[in-house]
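**Student:** Quick one: this structure, given as C-alpha cells, is what I'll be asking you about.
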Amino acid sequence: MEAFFGAATVGIVFDKGVVITADKRANWGYTVISKTATKILPITENILLGSAGVSGDFQALSSYLIAETELFKYENRRPITVKAAAQLLSNILFSRRYIPFLTQTLIGGFDEDGPHLFSLDLAGSLIKEKYAAVGTATSLVLGVLEANYHEGITQNQAMELGIKAVRSATRRDALSGEGIDQIAISPKGILKTTAPEK
C-alpha cells in the first residue's frame with residue numbers, strides 16, 4: 001500500500017503558528033498522474049490540512065471537514081479549536097476504518113491555546129507533534145527536521161526548514177517531486193508560497 005502515499009508532506013510548529021510544506025507530484029502506484037497536485041488546504045481561517053495519498057480521497061475528506069467545521073461554528077457561535085478539529089478528523093477516519101480514505105494527514109493551526117500540529121493515519125490515530133511528516137519520504141524528511149528544529153523557531157525559519165526538508169526528500173524519493181507548495185498560518189493570516197524542487 002506504500003505506493004499510494006507518494007509524497008513529502010511536512011508540518012512544523014513555529015512560535016505563533018504552523019507551516020505545512022509539500023511536493024506537487026501525484027501518482028497512482030508508480031505512475032505520475034499530476035505534476036501540480038494540491039496537498040495542502042486551509043480548512044478554516046486558523047486551521048490547515050496537509051496530506052499524502054490518493055488525491056480524490058484527500059479532496060473528499062477536506063470537503064467533509066470544511067462542512068463539519070462550518071456547521072460547528074454556526075451551531076456553537078464560535079470557531080472550532082485545532083484540537084477539536086483534529087479529534088473530529090480522527091472520528092471521521094475511524095468511522096471509515098473498514099473502507100478507509102487512502103490518505104495520511106497532518107492538521108495544524110492556532111487558537112487561544114497557541115499553535116498545534118497533529119498527524120493522523122488511515123484509522124484516525126491522533127498524535128500531537130512539534131514537527132511531523134507523512135508520505136513515502138517520511139524517513140528521509142525526519143532526519144532533516146530532527147537536526148534543525150528547535151523550540152522558539154520563527155515563521156521564517158520554519159518555512160525555510162520545511163522547504164529544505166521537502167527538497168532533500170525529492171532528491172531521493174521517486175514518488176515525490178515537481179516543485180514545492182507551502183502554507184503558513186498564524187494570527188497574522190495565511191501565507192502561501194511555492195519553491196522550485198532544486
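Following the order of the C-alpha cells, first chain is A, next is B, and so on, with residues numbered from 1 inside each chain and ligands from 1 in the order they appear.
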To test your reading of the structure, identify every residue in chain A that backbone DSSP assigns to strand (DSSP E), and report it as an MDAnalysis selection string.

**Tutor:** chainID A and resid 9:13 18:23 26:28 31:34 40:42 47:53 103:111 114:120 126:128 131:134 180:186 189:195

**Student:** Using DSSP on the backbone coordinates, identify all residues within chain A classified as helix (DSSP H, G or I); present the result as an MDAnalysis selection string.

**Tutor:** chainID A and resid 2:5 55:76 82:95 138:148 155:170

**Student:** Would you tabulate, counting only C-alpha atoms, all residues of segment 16-120 of chain A that have an atom at most 9 Å from an atom of segment 181-188 of chain A, showing the closest pair of atoms and their distance in Å to one decimal, sorted by chain then ascending number, as a tab-separated table?

**Tutor:**
```
residue	atom	partner	partner_atom	distance
A:Lys16	CA	A:Ser186	CA	5.8
A:Gly17	CA	A:Ser186	CA	4.4
A:Val18	CA	A:Ile185	CA	5.6
A:Val19	CA	A:Ala184	CA	4.1
A:Ile20	CA	A:Ile183	CA	5.6
A:Thr21	CA	A:Gln182	CA	4.3
A:Ala22	CA	A:Asp181	CA	5.4
A:Asp23	CA	A:Asp181	CA	6.2
A:Lys24	CA	A:Asp181	CA	6.9
A:Thr38	CA	A:Asp181	CA	7.9
A:Lys39	CA	A:Asp181	CA	8.1
A:Ile40	CA	A:Ile183	CA	7.3
A:Leu41	CA	A:Ile183	CA	8.2
A:Pro42	CA	A:Ile183	CA	8.4
A:Glu45	CA	A:Ile185	CA	8.3
A:Asn46	CA	A:Ile185	CA	6.4
A:Ile47	CA	A:Ile185	CA	7.3
A:Leu48	CA	A:Ile185	CA	7.4
A:Gly108	CA	A:Ile185	CA	8.7
A:Gly109	CA	A:Ile185	CA	6.3
A:Phe110	CA	A:Ser186	CA	6.4
A:Asp111	CA	A:Pro187	CA	8.6
A:Pro115	CA	A:Ser186	CA	8.0
```

**Student:** Quick one: of A:Gly124, A:Gly162, A:Gly179, A:Gly11, who's nearest to Ser34 of chain A, counting only C-alpha atoms?

**Tutor:** A:Gly179

**Student:** Using only C-alpha atoms, which residue out of A:Ser51, A:Thr105, A:Ser90, A:Thr170 lies closest to Leu140 of chain A?

**Tutor:**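 That would be A:Thr170, the residue with the smallest distance to Leu140 of chain A.
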
**Student:** Do a neighbour search on segment 60-72 of chain A at 9 Å with only C-alpha atoms, toss out local chain neighbours closer than 5 positions, and write the hits as a ChimeraX atom specification.

**Tutor:** /A:41-44,49,55,77-80,85,88-89,92-93,101,103

**Student:** Could you give me, as a PDB file with C-alpha atoms, in the first residue's frame, the residues within 10 Å of Tyr131 of chain A, counting only C-alpha atoms and dropping anything in the same chain fewer than 2 positions from it?

**Tutor:**
```pdb
ATOM      1  CA  VAL A  10       5.846  18.186   6.348  1.00  0.00           C
ATOM      2  CA  GLY A  11       4.266  20.140   9.208  1.00  0.00           C
ATOM      3  CA  ILE A  12       6.212  22.370  11.591  1.00  0.00           C
ATOM      4  CA  VAL A  13       5.016  24.311  14.636  1.00  0.00           C
ATOM      5  CA  PHE A  14       6.623  27.739  14.969  1.00  0.00           C
ATOM      6  CA  VAL A  18       2.092  26.231  11.846  1.00  0.00           C
ATOM      7  CA  VAL A  19       3.568  25.765   8.379  1.00  0.00           C
ATOM      8  CA  ILE A  20       2.807  22.801   6.113  1.00  0.00           C
ATOM      9  CA  LEU A 106      -1.458  16.475   9.050  1.00  0.00           C
ATOM     10  CA  HIS A 116      -0.864  22.870  17.398  1.00  0.00           C
ATOM     11  CA  LEU A 117       0.046  20.121  14.913  1.00  0.00           C
ATOM     12  CA  PHE A 118      -1.372  16.586  14.754  1.00  0.00           C
ATOM     13  CA  SER A 119      -0.593  13.643  12.482  1.00  0.00           C
ATOM     14  CA  LYS A 128       0.328  15.706  18.699  1.00  0.00           C
ATOM     15  CA  GLU A 129       3.705  16.769  17.310  1.00  0.00           C
ATOM     16  CA  ALA A 133       5.895  14.162   8.085  1.00  0.00           C
ATOM     17  CA  LEU A 142      12.545  13.302   9.653  1.00  0.00           C
ATOM     18  CA  LEU A 145      13.677  18.020  10.817  1.00  0.00           C
ATOM     19  CA  GLU A 146      15.317  16.436  13.872  1.00  0.00           C
ATOM     20  CA  TYR A 149      14.136  22.019  14.613  1.00  0.00           C
ATOM     21  CA  ALA A 158      10.113  27.119   9.919  1.00  0.00           C
ATOM     22  CA  GLY A 162      10.045  22.960   5.533  1.00  0.00           C
TER      23      GLY A 162
END
```

**Student:** From the set A:Lys130, A:Arg96, A:Lys73, A:Lys198, which residue has the shortest atom-to-atom contact distance to Ala169 of chain A, counting only C-alpha atoms?

**Tutor:** A:Lys198

**Student:** With distances taken over only C-alpha atoms, which residue among A:Gly6, A:Asp15, A:Lys192, A:Val166 lies nearest His150 of chain A?

**Tutor:**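 Using only C-alpha atoms, the shortest distance to His150 of chain A belongs to A:Asp15.
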
**Student:** For atom CA of Val134 of chain A and atom CA of Ala52 of chain A, determine how far apart the two atoms are, in Å to one decimal place.

**Tutor:**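 Between atom CA of Val134 of chain A and atom CA of Ala52 of chain A the gap is 6.0 Å.
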
**Student:** Between atom CA of Val82 of chain A and atom CA of Ile127 of chain A, measure the distance and give it in Å to one decimal.

**Tutor:** 12.8 Å

**Student:** One number please: atom CA of Thr36 of chain A to atom CA of Gln157 of chain A, in Å, one decimal.

**Tutor:** 25.4 Å

**Student:** May I have the residues within 7 Å of Ala26 of chain A as a ChimeraX atom specification, using only C-alpha atoms and disregarding those fewer than 4 positions away in the same chain?

**Tutor:** /A:32-35,37

**Student:** Identify which of the residues A:Leu161, A:Ala7, A:Gly114, A:Ile99 lies closest to Lys83 of chain A, counting only C-alpha atoms when measuring atom-to-atom distances.

**Tutor:**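 Residue with the minimum atom-to-atom distance to Lys83 of chain A: A:Gly114.
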
**Student:** Please determine, counting only C-alpha atoms, which residue among A:Thr154, A:Gln87, A:Gln59, A:Ser139 has the shortest atom-to-atom distance to Leu120 of chain A.

**Tutor:**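 Between A:Thr154, A:Gln87, A:Gln59, A:Ser139, the residue approaching Leu120 of chain A most closely is A:Gln87.
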